[in-house]
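upload.txt, holding compact mmCIF, C-alpha atoms and all ligand atoms:
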# COMPACT_ATOMS: atom_id res chain seq x y z
CA MET U 1 -71.62 161.51 167.03
CA PHE U 2 -68.92 162.82 164.74
CA TYR U 3 -71.45 163.84 162.08
CA ASN U 4 -69.17 166.59 160.88
CA VAL U 5 -65.89 164.71 161.16
CA ARG U 6 -64.39 163.27 157.99
CA ALA U 7 -63.64 159.70 159.01
CA THR U 8 -64.76 156.18 158.23
CA ASP U 9 -67.89 154.74 159.80
CA SER U 10 -65.83 152.09 161.52
CA PHE U 11 -63.82 154.78 163.32
CA LYS U 12 -67.00 156.60 164.34
CA ASN U 13 -68.57 153.38 165.53
CA SER U 14 -65.71 152.14 167.63
CA ILE U 15 -65.12 155.50 169.29
CA SER U 16 -68.85 155.99 169.98
CA VAL U 17 -69.09 152.57 171.58
CA ALA U 18 -66.06 153.32 173.78
CA ILE U 19 -67.56 156.65 174.88
CA LYS U 20 -70.99 155.19 175.62
CA GLY U 21 -69.49 152.36 177.62
CA GLY U 22 -67.18 154.71 179.54
CA LYS U 23 -64.27 152.69 178.17
CA LEU U 24 -62.15 155.39 176.61
CA SER U 25 -58.48 155.00 177.38
CA HIS U 26 -56.65 157.78 179.27
CA ALA U 27 -54.32 158.03 176.28
CA ILE U 28 -55.63 158.09 172.74
CA ILE U 29 -53.71 158.32 169.50
CA LEU U 30 -55.78 159.55 166.55
CA GLU U 31 -54.05 158.86 163.27
CA GLY U 32 -55.19 160.02 159.85
CA SER U 33 -53.96 161.97 156.89
CA ASP U 34 -55.91 165.18 157.47
CA ASP U 35 -54.93 167.41 160.39
CA GLU U 36 -58.27 169.26 160.45
CA ALA U 37 -60.26 166.00 160.59
CA ARG U 38 -58.04 164.61 163.34
CA PHE U 39 -58.33 167.79 165.34
CA SER U 40 -62.10 168.02 165.04
CA ALA U 41 -62.42 164.38 166.12
CA ALA U 42 -60.18 165.15 169.11
CA MET U 43 -62.30 168.17 170.06
CA GLU U 44 -65.46 166.11 169.88
CA ILE U 45 -63.98 163.37 172.05
CA ALA U 46 -62.92 166.05 174.54
CA ALA U 47 -66.50 167.37 174.64
CA ALA U 48 -67.82 163.83 175.13
CA LEU U 49 -65.50 163.38 178.10
CA MET U 50 -66.63 166.63 179.73
CA CYS U 51 -70.33 166.50 178.86
CA GLU U 52 -72.65 165.13 181.53
CA ALA U 53 -75.71 164.54 179.33
CA GLU U 54 -76.90 161.06 178.56
CA ASN U 55 -75.97 161.27 174.88
CA ARG U 56 -72.47 162.66 174.90
CA PRO U 57 -71.47 165.06 173.49
CA CYS U 58 -74.91 166.70 173.56
CA GLY U 59 -73.64 169.83 171.81
CA VAL U 60 -75.76 172.20 173.90
CA CYS U 61 -74.65 172.02 177.56
CA SER U 62 -72.10 174.50 178.90
CA HIS U 63 -69.29 171.92 178.71
CA CYS U 64 -70.02 171.17 175.05
CA VAL U 65 -70.43 174.80 174.06
CA LYS U 66 -67.19 175.80 175.81
CA CYS U 67 -65.33 172.89 174.21
CA GLU U 68 -66.63 173.86 170.80
CA LYS U 69 -65.41 177.41 171.30
CA GLY U 70 -62.11 176.17 172.69
CA ILE U 71 -62.63 178.06 175.96
CA HIS U 72 -63.27 175.20 178.39
CA PRO U 73 -60.90 175.69 181.35
CA ASP U 74 -60.27 171.93 181.54
CA LEU U 75 -59.43 171.56 177.85
CA HIS U 76 -55.78 172.17 177.06
CA ILE U 77 -54.45 172.26 173.53
CA VAL U 78 -50.75 171.84 172.90
CA GLU U 79 -49.48 172.82 169.44
CA LYS U 80 -46.14 173.67 167.95
CA GLU U 81 -45.31 177.31 168.21
CA ALA U 82 -45.55 179.35 165.01
CA ASP U 83 -41.82 179.94 164.76
CA SER U 84 -40.88 176.33 165.40
CA THR U 85 -41.04 173.07 163.49
CA MET U 86 -41.13 170.90 166.61
CA ILE U 87 -43.12 170.54 169.80
CA LYS U 88 -40.38 170.98 172.33
CA VAL U 89 -39.83 169.49 175.74
CA ASP U 90 -40.73 172.82 177.38
CA ALA U 91 -44.26 172.54 176.02
CA VAL U 92 -44.57 169.07 177.54
CA ARG U 93 -43.23 170.36 180.86
CA ARG U 94 -45.91 173.07 180.89
CA LEU U 95 -48.50 170.40 180.12
CA LYS U 96 -47.25 168.30 183.06
CA ALA U 97 -47.54 171.25 185.42
CA LYS U 98 -51.18 171.74 184.37
CA ALA U 99 -51.85 168.01 184.68
CA LEU U 100 -50.98 168.18 188.38
CA LEU U 101 -54.01 170.40 189.00
CA PHE U 102 -57.53 169.07 189.36
CA PRO U 103 -60.08 170.08 186.74
CA ASN U 104 -62.07 173.27 187.39
CA GLU U 105 -65.50 172.65 185.98
CA SER U 106 -65.70 169.09 184.74
CA LYS U 107 -64.57 165.73 186.02
CA LYS U 108 -61.81 165.42 183.43
CA SER U 109 -58.85 167.44 182.27
CA VAL U 110 -58.31 166.77 178.60
CA PHE U 111 -55.04 167.52 176.83
CA ILE U 112 -55.00 167.52 173.06
CA ILE U 113 -51.54 167.41 171.53
CA ARG U 114 -52.12 168.47 167.96
CA GLN U 115 -49.63 167.10 165.43
CA ALA U 116 -48.02 165.18 168.27
CA ASN U 117 -45.72 163.58 165.70
CA LEU U 118 -43.78 166.85 165.90
CA MET U 119 -42.69 166.07 169.47
CA ASN U 120 -38.99 165.23 169.47
CA PRO U 121 -37.85 162.11 171.40
CA GLN U 122 -36.94 164.25 174.39
CA ALA U 123 -40.48 165.65 174.53
CA GLN U 124 -41.96 162.17 174.09
CA ASN U 125 -39.88 160.84 176.96
CA ALA U 126 -41.08 163.67 179.16
CA LEU U 127 -44.68 162.82 178.27
CA LEU U 128 -44.13 159.14 178.95
CA LYS U 129 -43.76 159.79 182.67
CA ILE U 130 -47.43 160.87 183.02
CA PHE U 131 -48.57 158.17 180.63
CA GLU U 132 -47.17 155.60 183.04
CA GLU U 133 -49.00 156.75 186.14
CA PRO U 134 -51.96 158.83 185.01
CA ALA U 135 -54.31 160.37 187.57
CA ALA U 136 -57.93 159.34 187.01
CA HIS U 137 -59.01 162.80 185.86
CA LEU U 138 -56.51 162.98 182.99
CA CYS U 139 -57.02 162.17 179.35
CA PHE U 140 -54.51 162.74 176.57
CA ILE U 141 -55.41 162.82 172.90
CA LEU U 142 -52.50 162.79 170.47
CA THR U 143 -53.20 163.51 166.81
CA CYS U 144 -50.76 162.51 164.08
CA PRO U 145 -50.57 161.26 160.47
CA SER U 146 -49.24 157.92 161.71
CA LYS U 147 -48.45 156.35 165.07
CA SER U 148 -45.07 155.35 163.63
CA ALA U 149 -43.82 158.79 164.71
CA PHE U 150 -43.95 157.74 168.37
CA LEU U 151 -41.66 155.76 170.62
CA ASP U 152 -42.90 152.22 171.18
CA THR U 153 -43.27 152.98 174.86
CA ILE U 154 -45.82 155.73 174.02
CA ILE U 155 -47.77 153.53 171.60
CA SER U 156 -47.98 150.63 174.03
CA ARG U 157 -49.63 152.80 176.67
CA ALA U 158 -52.21 154.34 174.35
CA THR U 159 -55.20 153.17 172.34
CA VAL U 160 -54.74 153.90 168.65
CA TYR U 161 -57.72 154.88 166.51
CA SER U 162 -57.36 155.38 162.80
CA LEU U 163 -59.70 157.87 161.12
CA GLY U 164 -59.32 155.83 157.95
CA GLU U 165 -58.00 156.76 154.58
CA GLU U 166 -61.32 156.47 152.78
CA THR U 167 -62.21 159.95 151.75
CA ILE U 168 -65.90 160.40 152.26
CA GLU U 169 -66.92 161.39 148.77
CA GLU U 170 -69.21 164.30 148.19
CA SER U 171 -72.56 162.83 147.35
CA GLU U 172 -74.28 164.04 144.21
CA ASN U 173 -77.10 164.77 146.59
CA GLY U 174 -74.82 166.58 149.04
CA ASP U 175 -76.55 169.94 148.71
CA ASN U 176 -79.88 168.30 148.52
CA SER U 177 -79.64 166.70 151.96
CA ALA U 178 -79.40 170.07 153.72
CA SER U 179 -82.47 171.42 151.97
CA LEU U 180 -84.35 168.15 152.50
CA ALA U 181 -83.43 168.29 156.19
CA ALA U 182 -84.82 171.82 156.46
CA GLU U 183 -87.96 170.78 154.60
CA LEU U 184 -88.54 167.79 156.89
CA ILE U 185 -88.10 169.92 160.00
CA MET U 186 -90.61 172.46 158.60
CA THR U 187 -93.01 169.62 157.89
CA LEU U 188 -92.59 168.16 161.36
CA ALA U 189 -93.23 171.56 162.89
CA GLY U 190 -96.34 172.29 160.88
CA GLU U 191 -97.91 169.25 159.27
CA ASN U 192 -99.20 165.83 160.18
CA GLU U 193 -97.41 162.51 160.08
CA PHE U 194 -98.91 161.53 156.75
CA VAL U 195 -97.47 164.55 154.96
CA PHE U 196 -94.09 163.84 156.54
CA LEU U 197 -94.14 160.20 155.51
CA LYS U 198 -94.94 161.17 151.92
CA LYS U 199 -91.88 163.41 151.83
CA THR U 200 -89.65 160.56 152.94
CA ALA U 201 -90.53 158.51 149.84
CA VAL U 202 -87.47 159.99 148.14
CA PHE U 203 -85.25 158.00 150.55
CA ILE U 204 -86.58 154.57 149.68
CA LYS U 205 -84.13 154.15 146.85
CA ASP U 206 -81.35 156.21 148.34
CA LYS U 207 -79.97 154.91 151.60
CA LYS U 208 -77.07 157.33 151.59
CA LEU U 209 -79.27 160.36 151.06
CA PHE U 210 -81.43 159.21 153.97
CA SER U 211 -78.55 159.03 156.43
CA GLN U 212 -77.11 162.32 155.15
CA THR U 213 -80.46 164.02 155.56
CA VAL U 214 -81.02 162.72 159.08
CA SER U 215 -77.51 163.91 159.98
CA ALA U 216 -78.30 167.28 158.43
CA MET U 217 -81.44 167.61 160.57
CA ILE U 218 -79.33 167.55 163.75
CA PRO U 219 -77.72 171.01 163.41
CA VAL U 220 -81.13 172.51 162.53
CA VAL U 221 -82.69 171.11 165.71
CA ARG U 222 -79.66 172.18 167.70
CA ASP U 223 -80.12 175.73 166.32
CA ALA U 224 -83.79 175.66 167.33
CA LEU U 225 -82.74 174.73 170.85
CA VAL U 226 -80.22 177.57 170.92
CA LEU U 227 -82.91 180.00 169.72
CA GLN U 228 -85.26 178.79 172.45
CA SER U 229 -82.65 179.43 175.11
CA GLY U 230 -82.02 182.93 173.77
CA GLY U 231 -78.72 182.18 172.03
CA ARG U 232 -77.59 183.47 168.67
CA ASP U 233 -74.74 181.21 167.59
CA MET U 234 -76.29 179.42 164.63
CA LEU U 235 -74.75 176.48 162.79
CA ILE U 236 -76.99 176.90 159.75
CA SER U 237 -77.18 180.28 158.04
CA ASP U 238 -80.75 179.80 156.82
CA THR U 239 -82.60 179.90 160.11
CA SER U 240 -86.16 179.53 158.78
CA ALA U 241 -86.53 175.84 159.67
CA ALA U 242 -84.96 176.27 163.10
CA LYS U 243 -87.24 179.25 163.78
CA LYS U 244 -90.34 177.36 162.75
CA LEU U 245 -89.42 174.43 164.96
CA ALA U 246 -88.53 176.69 167.89
CA GLY U 247 -91.96 178.31 167.58
CA SER U 248 -93.87 175.07 167.38
CA PHE U 249 -92.08 172.76 169.85
CA THR U 250 -91.48 173.37 173.54
CA GLN U 251 -87.85 173.50 174.62
CA LYS U 252 -88.26 170.10 176.28
CA LYS U 253 -89.60 168.56 173.08
CA THR U 254 -86.83 170.13 171.01
CA ALA U 255 -84.22 168.65 173.36
CA ALA U 256 -85.93 165.25 173.11
CA LEU U 257 -85.93 165.59 169.33
CA LEU U 258 -82.21 166.35 169.27
CA SER U 259 -81.29 163.33 171.35
CA CYS U 260 -83.68 161.14 169.36
CA LEU U 261 -82.01 162.14 166.07
CA GLN U 262 -78.54 161.59 167.50
CA ASP U 263 -79.49 158.11 168.71
CA PHE U 264 -81.17 157.38 165.43
CA CYS U 265 -78.03 158.31 163.47
CA ASP U 266 -75.91 156.10 165.70
CA SER U 267 -78.25 153.16 165.25
CA LEU U 268 -78.75 153.65 161.54
CA GLN U 269 -75.47 152.01 160.53
CA LEU U 270 -76.61 148.87 162.32
CA SER U 271 -80.14 148.94 160.96
CA PRO U 272 -80.70 145.95 158.66
CA ASN U 273 -83.96 147.16 157.16
CA HIS U 274 -83.77 150.47 155.37
CA ASN U 275 -87.48 151.01 154.75
CA LEU U 276 -88.36 150.14 158.31
CA ALA U 277 -85.79 152.64 159.48
CA ILE U 278 -87.55 155.39 157.53
CA THR U 279 -90.89 154.50 159.10
CA ARG U 280 -89.31 154.24 162.52
CA LEU U 281 -87.84 157.73 162.21
CA CYS U 282 -91.21 159.12 161.28
CA SER U 283 -93.03 157.53 164.20
CA LEU U 284 -90.31 158.47 166.68
CA LEU U 285 -90.45 162.12 165.65
CA TYR U 286 -94.24 162.32 165.78
CA GLN U 287 -94.29 160.57 169.14
CA ILE U 288 -92.16 163.39 170.52
CA LYS U 289 -94.39 165.96 168.88
CA SER U 290 -97.61 164.53 170.33
CA ASN U 291 -96.30 163.79 173.82
ZN ZN B 1 -72.99 168.32 176.55
Can the structure from this file be put into structure tokens for me?
Ligand SMILES: [Zn+2]
Amino acid sequence: MFYNVRATDSFKNSISVAIKGGKLSHAIILEGSDDEARFSAAMEIAAALMCEAENRPCGVCSHCVKCEKGIHPDLHIVEKEADSTMIKVDAVRRLKAKALLFPNESKKSVFIIRQANLMNPQAQNALLKIFEEPAAHLCFILTCPSKSAFLDTIISRATVYSLGEETIEESENGDNSASLAAELIMTLAGENEFVFLKKTAVFIKDKKLFSQTVSAMIPVVRDALVLQSGGRDMLISDTSAAKKLAGSFTQKKTAALLSCLQDFCDSLQLSPNHNLAITRLCSLLYQIKSN
């Protein structure tokens, strides 16, 4: 999860664990210095709450796709209006009116308040009323640079997650990981396990490149799945690897591959043995291919 969100691993870990265990709070404060990163994390959490696949968010079901496009009827985004510097109490009142309704398509109604630090105290007080007695289908995600902008009564009813101040530095191999990912997918689609394993030798001395490359394989496989279901919205502009995979794997195998890579990425941070992890990836992928 959160492969494309700029945040620390510890943030990604703790939020993934909460999602998997169904333990996400009904009120979440996401704090961090970058508004875009906070917002993309919020959107991904929203998708995870709506998605009904085993590995949430799966990125390909109708809930996930609609969340990604910002058109899910149960996802509500509250932002300051263009001509204003504050999020005013009227915006919170409109939110409360929507919160009274049951969700349309999913089991949850998710409200993202972007730059929630711009809510004045009056708006925060209005919000507090639903925070106190939330209906089970509601979830609120507040993004802000720091929770210190909120009334204590808001903070005490929410779970605060910090995206972390560590900027994830651009790896010297940053561009390389995308092309390696494409190459590995091509190999998986067309060659045997031995050829694949040989190509992974480059990762033995570069743990970071390995995890970046595995992460970079995910959007390629996702694109292949979209191609197989007749879609056109590609994440990666060079579609050759996705096309090759889509032609060589059945849709079922491609879906299995996607969830395998997502699980693998999640488990990688906990993996104590780097070389074993490389071998494990290889055998997992070829198991799916030969099944
Ligand atoms: Zn999904």
Requested in this report: For stretch 239-254 of chain U, please output as a PyMOL selection string all residues within 9 Å (counting only C-alpha atoms; exclusion window: fewer than 3 positions along the same chain).
Outcome: chain U and resi 181-186+188-190+219-229+234-236+257-259+288-289+291
Query - Spatial neighbours of stretch 139-154 of chain U, 9 Å, all atoms listed in the file, chain gap at least 2 places, as number ranges by chain - result: U: 24-35, 38-39, 42, 45-46, 49, 108-119, 121, 124-125, 127-128, 131, 134-137, 156-158, 160, 162
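Atom pair atom CA of U:Gly164 / atom CA of U:Leu138: separated by 26.2 Å.
Between ligand ZN 1 (chain B) and the residues U:Gly21, U:Leu197, U:Ile15, U:Ala53, the shortest atom-to-atom distance, using only C-alpha atoms and all ligand atoms, involves U:Ala53.
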Query raised in the report: Please, what distance in Å, to one decimal, runs between atom CA of U:Phe203 and atom CA of U:Ile278?
Result: 7.8 Å
Query raised in the report: What is the atom CA of U:Asp9-atom CA of U:Gln269 distance in Å, reported with one decimal?
Result: 8.1 Å
Requested in this report: With all atoms listed in the file counted, collect every polymer residue having an atom within 12 Å of ligand ZN 1 (chain B); state the result as a PyMOL selection string.
Outcome: chain U and resi 1+44-68+106+222+255+258-259
Requested in this report: Name the closest residue to U:Ser215 among the candidates U:Leu285, U:Val92, U:Leu268, U:Ala256; distances are taken between atoms, counting all atoms listed in the file.
Outcome: U:Leu268
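Minimum distance to U:Ile71 across U:Val5, U:Ala18, U:Ile87, U:Met43 (counting all atoms listed in the file) occurs at U:Met43.
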Query raised in the report: Taking only C-alpha atoms into account, which of U:Lys129, U:Asp263, U:Phe102, U:Asn275 comes nearest U:Lys205?
Result: U:Asn275
Query - Exercise: U:Arg93 partners within 10 Å, only C-alpha atoms, chain neighbours under 6 positions left out, as a PyMOL selection string - result: chain U and resi 99+123+126-127
C-alpha atoms of the current selection, written as a compact mmCIF listing (two decimals), keeping the file's coordinate frame:
# COMPACT_ATOMS: atom_id res chain seq x y z
CA ALA U 99 -51.85 168.01 184.68
CA ALA U 123 -40.48 165.65 174.53
CA ALA U 126 -41.08 163.67 179.16
CA LEU U 127 -44.68 162.82 178.27
